[in-house]
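Q: Got a file for you: target00.cif, mmCIF, C-alpha atoms.
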data_data
loop_
_atom_site.label_atom_id
_atom_site.label_comp_id
_atom_site.auth_asym_id
_atom_site.auth_seq_id
_atom_site.Cartn_x
_atom_site.Cartn_y
_atom_site.Cartn_z
CA MET A 615 -52.43 -10.65 120.70
CA THR A 616 -52.97 -9.12 124.13
CA ALA A 617 -53.01 -5.44 125.04
CA VAL A 618 -53.06 -3.73 128.42
CA LEU A 619 -54.76 -0.34 128.19
CA LYS A 620 -54.77 2.27 130.94
CA LEU A 621 -57.42 4.97 130.75
CA GLY A 622 -56.27 7.92 132.83
CA GLY A 623 -58.70 9.10 135.46
CA SER A 624 -58.50 12.62 134.07
CA VAL A 625 -59.55 11.28 130.67
CA ILE A 626 -62.83 9.72 131.82
CA THR A 627 -63.79 12.06 134.67
CA LYS A 628 -64.02 15.79 135.22
CA LYS A 629 -61.12 15.79 137.63
CA ASP A 630 -61.84 19.16 139.23
CA GLU A 631 -65.47 18.17 139.96
CA PRO A 632 -65.70 15.48 142.67
CA GLU A 633 -67.20 12.17 141.49
CA THR A 634 -68.17 13.42 138.05
CA VAL A 635 -67.83 11.18 134.98
CA ASP A 636 -66.98 12.83 131.67
CA THR A 637 -69.70 10.92 129.85
CA ALA A 638 -68.70 12.01 126.35
CA ALA A 639 -65.05 11.05 126.85
CA LEU A 640 -65.92 7.71 128.44
CA SER A 641 -68.34 6.92 125.63
CA ALA A 642 -65.70 7.73 123.01
CA ALA A 643 -63.12 5.53 124.72
CA ALA A 644 -65.58 2.66 125.06
CA SER A 645 -66.50 2.98 121.39
CA ALA A 646 -62.85 2.76 120.34
CA ILE A 647 -62.36 -0.33 122.51
CA ALA A 648 -65.52 -1.94 121.15
CA GLU A 649 -64.39 -1.41 117.56
CA SER A 650 -60.98 -2.97 118.20
CA ALA A 651 -61.87 -5.79 120.58
CA VAL A 652 -62.43 -8.39 117.88
CA GLY A 653 -59.40 -10.66 117.57
CA GLU A 654 -57.42 -9.14 120.45
CA ASP A 655 -57.52 -9.74 124.19
CA ILE A 656 -57.67 -6.50 126.15
CA VAL A 657 -57.20 -5.77 129.83
CA VAL A 658 -58.48 -2.33 130.81
CA VAL A 659 -57.18 -0.39 133.80
CA HIS A 660 -58.54 3.01 134.75
CA GLY A 661 -57.37 5.69 137.13
CA GLY A 662 -59.23 7.45 139.91
CA GLY A 663 -59.81 10.90 138.49
CA SER A 664 -62.30 12.92 140.51
CA PHE A 665 -63.48 9.80 142.33
CA GLY A 666 -60.58 8.17 144.18
CA HIS A 667 -58.12 11.09 144.15
CA HIS A 668 -60.63 13.48 145.71
CA HIS A 669 -61.27 11.24 148.72
CA ALA A 670 -57.65 10.10 149.03
CA ALA A 671 -56.48 13.71 149.23
CA GLU A 672 -59.13 14.45 151.86
CA TYR A 673 -57.85 11.63 154.08
CA GLY A 674 -54.16 12.21 153.33
CA VAL A 675 -53.65 8.84 151.64
CA SER A 676 -51.19 8.25 148.79
CA THR A 677 -49.02 5.45 147.46
CA THR A 678 -46.66 6.05 150.39
CA ALA A 679 -48.89 7.51 153.13
CA GLY A 680 -51.47 5.13 154.57
CA THR A 681 -54.55 5.27 156.77
CA ARG A 682 -56.25 3.08 159.36
CA ASP A 683 -59.39 5.24 159.29
CA VAL A 684 -62.14 2.85 158.26
CA GLY A 685 -64.28 5.76 157.09
CA GLY A 686 -61.50 6.89 154.79
CA VAL A 687 -60.95 3.38 153.45
CA GLN A 688 -64.65 2.99 152.73
CA ALA A 689 -64.87 6.42 151.08
CA ILE A 690 -61.89 5.90 148.77
CA HIS A 691 -62.64 2.30 147.79
CA GLY A 692 -66.35 2.99 147.48
CA ALA A 693 -65.73 5.90 145.11
CA MET A 694 -63.45 3.78 142.94
CA CYS A 695 -66.03 1.02 142.79
CA ARG A 696 -68.63 3.54 141.64
CA LEU A 697 -66.34 4.77 138.87
CA ASN A 698 -65.48 1.20 137.91
CA ALA A 699 -69.20 0.38 137.64
CA ALA A 700 -69.68 3.37 135.32
CA VAL A 701 -66.80 2.24 133.10
CA VAL A 702 -67.97 -1.37 133.00
CA ASP A 703 -71.56 -0.30 132.26
CA GLU A 704 -70.46 1.92 129.36
CA LEU A 705 -68.25 -0.79 127.87
CA THR A 706 -70.98 -3.40 128.24
CA GLY A 707 -73.50 -1.05 126.68
CA GLN A 708 -71.28 -0.83 123.60
CA GLY A 709 -70.94 -4.59 123.28
CA VAL A 710 -67.67 -5.18 125.15
CA PRO A 711 -67.82 -8.21 127.52
CA ALA A 712 -66.41 -6.18 130.39
CA VAL A 713 -66.31 -7.41 133.99
CA PRO A 714 -65.04 -5.67 137.16
CA VAL A 715 -61.93 -6.76 139.05
CA HIS A 716 -61.31 -4.92 142.33
CA PRO A 717 -57.63 -4.94 143.42
CA PHE A 718 -58.36 -4.11 147.08
CA SER A 719 -59.88 -7.56 147.48
CA ALA A 720 -56.67 -9.37 146.54
CA ALA A 721 -53.54 -7.20 146.55
CA ALA A 722 -51.21 -6.40 149.46
CA ARG A 723 -47.98 -4.58 150.23
CA ASP A 724 -45.52 -5.95 152.77
CA ALA A 725 -43.60 -3.86 155.31
CA ASP A 726 -41.00 -3.05 152.64
CA SER A 727 -43.79 -1.76 150.33
CA ASP A 728 -43.30 -4.64 147.89
CA LEU A 729 -46.56 -5.32 146.06
CA SER A 730 -48.21 -8.72 145.75
CA LEU A 731 -51.01 -8.89 143.17
CA PRO A 732 -52.53 -12.28 142.28
CA THR A 733 -53.43 -12.28 138.59
CA ALA A 734 -54.90 -15.74 137.97
CA GLN A 735 -58.41 -14.28 137.93
CA VAL A 736 -57.39 -11.85 135.19
CA THR A 737 -55.73 -14.45 132.98
CA THR A 738 -58.65 -16.84 133.46
CA LEU A 739 -61.19 -14.16 132.56
CA LEU A 740 -59.22 -13.41 129.38
CA ASP A 741 -59.15 -17.10 128.50
CA GLU A 742 -62.92 -17.24 128.98
CA GLY A 743 -63.55 -14.34 126.59
CA PHE A 744 -64.08 -11.50 129.05
CA VAL A 745 -62.48 -8.06 129.21
CA PRO A 746 -61.27 -7.55 132.79
CA VAL A 747 -61.56 -3.96 134.00
CA LEU A 748 -59.33 -3.08 136.95
CA HIS A 749 -58.87 0.29 138.61
CA GLY A 750 -56.65 2.31 140.88
CA ASP A 751 -57.64 1.37 144.40
CA LEU A 752 -56.45 0.95 147.94
CA VAL A 753 -54.20 -1.90 149.00
CA ALA A 754 -53.65 -3.50 152.41
CA HIS A 755 -50.20 -2.35 153.52
CA ALA A 756 -48.35 -3.99 156.40
CA GLY A 757 -47.48 -1.37 159.00
CA ALA A 758 -49.37 1.43 157.22
CA GLY A 759 -53.01 0.35 157.14
CA ALA A 760 -54.10 0.97 153.55
CA THR A 761 -52.29 2.92 150.84
CA VAL A 762 -53.12 3.86 147.26
CA LEU A 763 -52.46 1.30 144.53
CA SER A 764 -52.15 3.35 141.34
CA GLY A 765 -53.39 2.31 137.94
CA ASP A 766 -49.85 2.68 136.63
CA GLU A 767 -48.61 0.14 139.19
CA LEU A 768 -51.35 -2.22 138.06
CA VAL A 769 -50.23 -1.88 134.44
CA VAL A 770 -46.67 -2.83 135.41
CA GLU A 771 -47.90 -5.91 137.29
CA LEU A 772 -50.43 -7.01 134.68
CA ALA A 773 -48.42 -6.65 131.47
CA PRO A 774 -46.01 -9.52 132.11
CA ALA A 775 -48.68 -11.58 133.87
CA VAL A 776 -50.89 -11.64 130.78
CA ASP A 777 -47.93 -11.76 128.37
CA ALA A 778 -49.03 -8.48 126.82
CA ASP A 779 -47.79 -7.65 123.34
CA ARG A 780 -48.66 -3.97 123.71
CA VAL A 781 -49.10 -1.51 126.59
CA GLY A 782 -50.89 1.81 126.16
CA VAL A 783 -51.52 4.67 128.57
CA CYS A 784 -54.19 7.13 127.49
CA SER A 785 -53.65 10.48 129.19
CA THR A 786 -55.06 13.99 128.80
CA VAL A 787 -51.94 15.10 126.93
CA PRO A 788 -50.70 13.79 123.54
CA GLY A 789 -47.62 12.24 125.16
CA VAL A 790 -44.90 13.13 127.64
CA LEU A 791 -44.03 16.78 127.05
CA ASP A 792 -40.67 18.54 127.26
CA GLU A 793 -40.13 22.02 128.74
CA ASP A 794 -41.40 23.61 125.53
CA GLY A 795 -44.60 21.58 125.44
CA THR A 796 -43.40 19.35 122.60
CA VAL A 797 -44.12 15.62 122.68
CA ILE A 798 -41.01 13.60 123.50
CA ASP A 799 -40.76 10.80 120.97
CA ARG A 800 -38.92 8.26 123.15
CA ILE A 801 -37.80 7.94 126.79
CA GLU A 802 -35.24 5.37 127.90
CA THR A 803 -34.17 6.78 131.29
CA PHE A 804 -35.96 8.90 133.86
CA GLU A 805 -32.96 11.17 134.31
CA ALA A 806 -33.18 12.26 130.68
CA VAL A 807 -36.62 13.83 131.23
CA ALA A 808 -36.70 14.56 134.98
CA SER A 809 -36.47 18.34 134.53
CA ALA A 810 -39.47 18.35 132.20
CA LEU A 811 -41.83 16.39 134.45
CA GLY A 812 -43.92 18.49 136.79
CA GLU A 813 -47.04 17.98 138.83
CA SER A 814 -50.39 17.01 137.33
CA ASP A 815 -52.99 19.73 136.80
CA ALA A 816 -55.37 18.58 139.54
CA THR A 817 -55.22 16.59 142.77
CA ASP A 818 -53.22 13.44 142.09
CA VAL A 819 -52.10 11.10 144.87
CA SER A 820 -50.42 8.59 142.55
CA GLY A 821 -47.42 10.58 141.36
CA GLY A 822 -48.57 12.46 138.25
CA MET A 823 -46.65 12.10 134.99
CA ALA A 824 -43.35 11.60 136.81
CA GLY A 825 -44.77 8.60 138.65
CA LYS A 826 -46.25 7.30 135.41
CA VAL A 827 -42.92 7.42 133.59
CA ARG A 828 -41.08 5.80 136.48
CA ALA A 829 -43.62 2.98 136.61
CA LEU A 830 -43.58 2.33 132.87
CA LEU A 831 -39.78 2.29 132.73
CA ALA A 832 -40.00 -0.73 135.03
CA LEU A 833 -41.57 -2.74 132.22
CA SER A 834 -39.34 -4.99 130.16
CA ALA A 835 -41.14 -3.82 127.01
CA PRO A 836 -41.91 -0.41 125.54
CA ALA A 837 -45.16 1.30 126.48
CA VAL A 838 -46.77 4.26 124.75
CA VAL A 839 -48.34 7.35 126.32
CA PHE A 840 -50.83 9.24 124.16
CA GLY A 841 -53.89 11.46 124.24
CA PRO A 842 -57.56 10.47 123.86
CA ASP A 843 -57.67 11.30 120.15
CA ALA A 844 -54.93 8.73 119.51
CA LEU A 845 -56.69 5.85 121.30
CA PRO A 846 -58.06 4.36 118.04
CA ALA A 847 -54.56 4.51 116.53
CA PHE A 848 -53.06 2.63 119.49
CA LEU A 849 -55.79 0.02 119.35
CA ALA A 850 -55.11 -0.37 115.62
CA GLY A 851 -51.51 -1.32 116.38
CA GLU A 852 -49.78 2.04 115.99
CA SER A 853 -47.46 3.74 118.52
CA PRO A 854 -48.70 7.33 118.88
CA GLY A 855 -47.34 9.80 121.40
CA THR A 856 -44.33 8.91 123.51
CA THR A 857 -42.69 5.50 123.61
CA ILE A 858 -41.31 4.63 127.05
CA ALA A 859 -38.76 1.88 126.53
CA GLY A 860 -37.94 -0.65 129.20
CA ASP A 861 -34.75 -2.67 129.56
CA ASP A 862 -35.58 -5.29 126.96
CA ASP A 863 -37.26 -4.23 123.73
CA ASP A 864 -37.56 -7.88 122.71
CA TRP A 865 -40.09 -8.76 125.43
#
Represent the structure of the file as structure tokens.
A:
Amino acid sequence: MTAVLKLGGSVITKKDEPETVDTAALSAAASAIAESAVGEDIVVVHGGGSFGHHHAAEYGVSTTAGTRDVGGVQAIHGAMCRLNAAVVDELTGQGVPAVPVHPFSAAARDADSDLSLPTAQVTTLLDEGFVPVLHGDLVAHAGAGATVLSGDELVVELAPAVDADRVGVCSTVPGVLDEDGTVIDRIETFEAVASALGESDATDVSGGMAGKVRALLALSAPAVVFGPDALPAFLAGESPGTTIAGDDDDW
């Protein structure tokens, strides 16, 4: 069994405080992963939170707007590497064989914004008993310099590459919410929930919940979006929160 797990940046950082890890939340997430890691391969992806998003907003960089400012590139990527090191250190400290994988070193977008992400290093690390930990990052973008590569995009690329049986996205909310604040049980099309999806609560250059849902609908298998309290349930094989169903539920 293989799972791809995305830890939202707002879950593991204090998103309104630049470059501040939420140590209690990160420790809790790492503990849940450590308790479930036996017998299942896990790929972890984490978002930028108050690290990458803060610097990306400062330099005007998003998934569609790029930069050729080397100072901006170094600031954004450097911040994400620092957060990745904190995540890897916490996982390792709790007995998870976590290792960092930095997408900026390998991924690229062409002039049509199509993403190329080599994944052989991830599959090989899994085969060798490691837990790869990737993160939202920058990506070399033909004609645009460097743009943001979101954690949600990484999930979409990685899930089929590692033949994932389960995909989970741990967010700050208990699932995708409707206009009344109630968790939507299942989403099969973006149009069905478009009116309910607003902006995220703090600076987010990767599209917020709307971007998350759009990305996950591109999967050929259902994914689940849930809150931090439901992470142990997801890792135990349950489907808490909102199921976002792709085109082929048999994948």
Q: Carefully work through the PyMOL selection byres ((chain A and resi 838) around 6) for this structure and note down the residues it includes, as a tab-separated table (two decimals) with C-alpha atoms, keeping the file's coordinate frame.
A:
chain	number	residue	atom	x	y	z
A	782	GLY	CA	-50.89	1.81	126.16
A	837	ALA	CA	-45.16	1.30	126.48
A	839	VAL	CA	-48.34	7.35	126.32
A	856	THR	CA	-44.33	8.91	123.51
A	857	THR	CA	-42.69	5.50	123.61
A	858	ILE	CA	-41.31	4.63	127.05
Q: Apply the PyMOL selection byres ((chain A and resi 737-744) around 7) to the structure shown and report the selected residues as an MDAnalysis selection string.
A: chainID A and resid 655 711:713 733:736 745:746 776
Q: Which polymer residues have any atom within 12 Å of an atom of Leu697 (chain A), counting all atoms listed in the file, with same-chain residues fewer than 6 positions away left out, as a short mmCIF file (atom, residue, chain, number, x, y, z; two decimals) with C-alpha atoms, keeping the file's coordinate frame?
A:
data_model
loop_
_atom_site.label_atom_id
_atom_site.label_comp_id
_atom_site.auth_asym_id
_atom_site.auth_seq_id
_atom_site.Cartn_x
_atom_site.Cartn_y
_atom_site.Cartn_z
CA GLY A 623 -58.70 9.10 135.46
CA ILE A 626 -62.83 9.72 131.82
CA THR A 627 -63.79 12.06 134.67
CA LYS A 628 -64.02 15.79 135.22
CA PRO A 632 -65.70 15.48 142.67
CA GLU A 633 -67.20 12.17 141.49
CA THR A 634 -68.17 13.42 138.05
CA VAL A 635 -67.83 11.18 134.98
CA ASP A 636 -66.98 12.83 131.67
CA THR A 637 -69.70 10.92 129.85
CA LEU A 640 -65.92 7.71 128.44
CA VAL A 659 -57.18 -0.39 133.80
CA HIS A 660 -58.54 3.01 134.75
CA GLY A 661 -57.37 5.69 137.13
CA GLY A 662 -59.23 7.45 139.91
CA GLY A 663 -59.81 10.90 138.49
CA SER A 664 -62.30 12.92 140.51
CA PHE A 665 -63.48 9.80 142.33
CA GLY A 666 -60.58 8.17 144.18
CA HIS A 667 -58.12 11.09 144.15
CA ILE A 690 -61.89 5.90 148.77
CA HIS A 691 -62.64 2.30 147.79
CA ASP A 703 -71.56 -0.30 132.26
CA GLU A 704 -70.46 1.92 129.36
CA PRO A 714 -65.04 -5.67 137.16
CA HIS A 716 -61.31 -4.92 142.33
CA VAL A 747 -61.56 -3.96 134.00
CA LEU A 748 -59.33 -3.08 136.95
CA HIS A 749 -58.87 0.29 138.61
CA GLY A 750 -56.65 2.31 140.88
CA ASP A 751 -57.64 1.37 144.40
#
Q: What is the distance, in Å and to one decimal place, between CA of Ala646 (chain A) and CA of Leu845 (chain A)?
A: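 Distance between the two atoms: 7.0 Å.
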Q: When you look at Ala756 (chain A) with a cut-off of 12 Å (counting all atoms listed in the file), what residues show up, excluding the ones that are within fewer than 6 positions of it in the same chain? I need them as a PyMOL selection string.
A: chain A and resi 678-682+721-730
Q: Between A:Ala775, A:Met694, A:Glu672, A:Gly759, which has the minimum distance to Val657 (chain A) (counting all atoms listed in the file)?
A: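 Checking each of A:Ala775, A:Met694, A:Glu672, A:Gly759 against Val657 (chain A), counting all atoms listed in the file, the winner is A:Ala775.
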Q: Residues within 8 Å of Ser785 (chain A), please, as a ChimeraX atom specification. Count only C-alpha atoms; anything in the same chain fewer than 6 positions from it doesn't count.
A: /A:621-622,624-625,839-842
Q: Please compute the CA of Asp799 (chain A)-CA of Thr786 (chain A) distance, one decimal, in Å.
A: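 So the two atoms, CA of Asp799 (chain A) and CA of Thr786 (chain A), lie 16.6 Å apart.
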Q: Just to confirm, what's the straight-line distance from CA of Val781 (chain A) to CA of Arg696 (chain A) in Å (one decimal)?
A: 25.2 Å
Q: Given all atoms listed in the file as the basis, pick out the residue of A:Ala760, A:Val687, A:Val783, A:Ala670 nearest to Leu849 (chain A).
A: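 Smallest separation from Leu849 (chain A) among the options: A:Val783.
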Q: Calculated over all atoms listed in the file, which of the candidates A:Cys695, A:His755, A:Pro836, A:Val702 has the smallest distance to Ser641 (chain A)?
A: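 With all atoms listed in the file as the atom set, the closest residue is A:Val702.
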Q: Decode the PyMOL selection byres ((chain A and resi 645) around 10) for the given file into explicit residues and return them as a ChimeraX atom specification.
A: /A:639-644,646-651,704-705,707-710,846
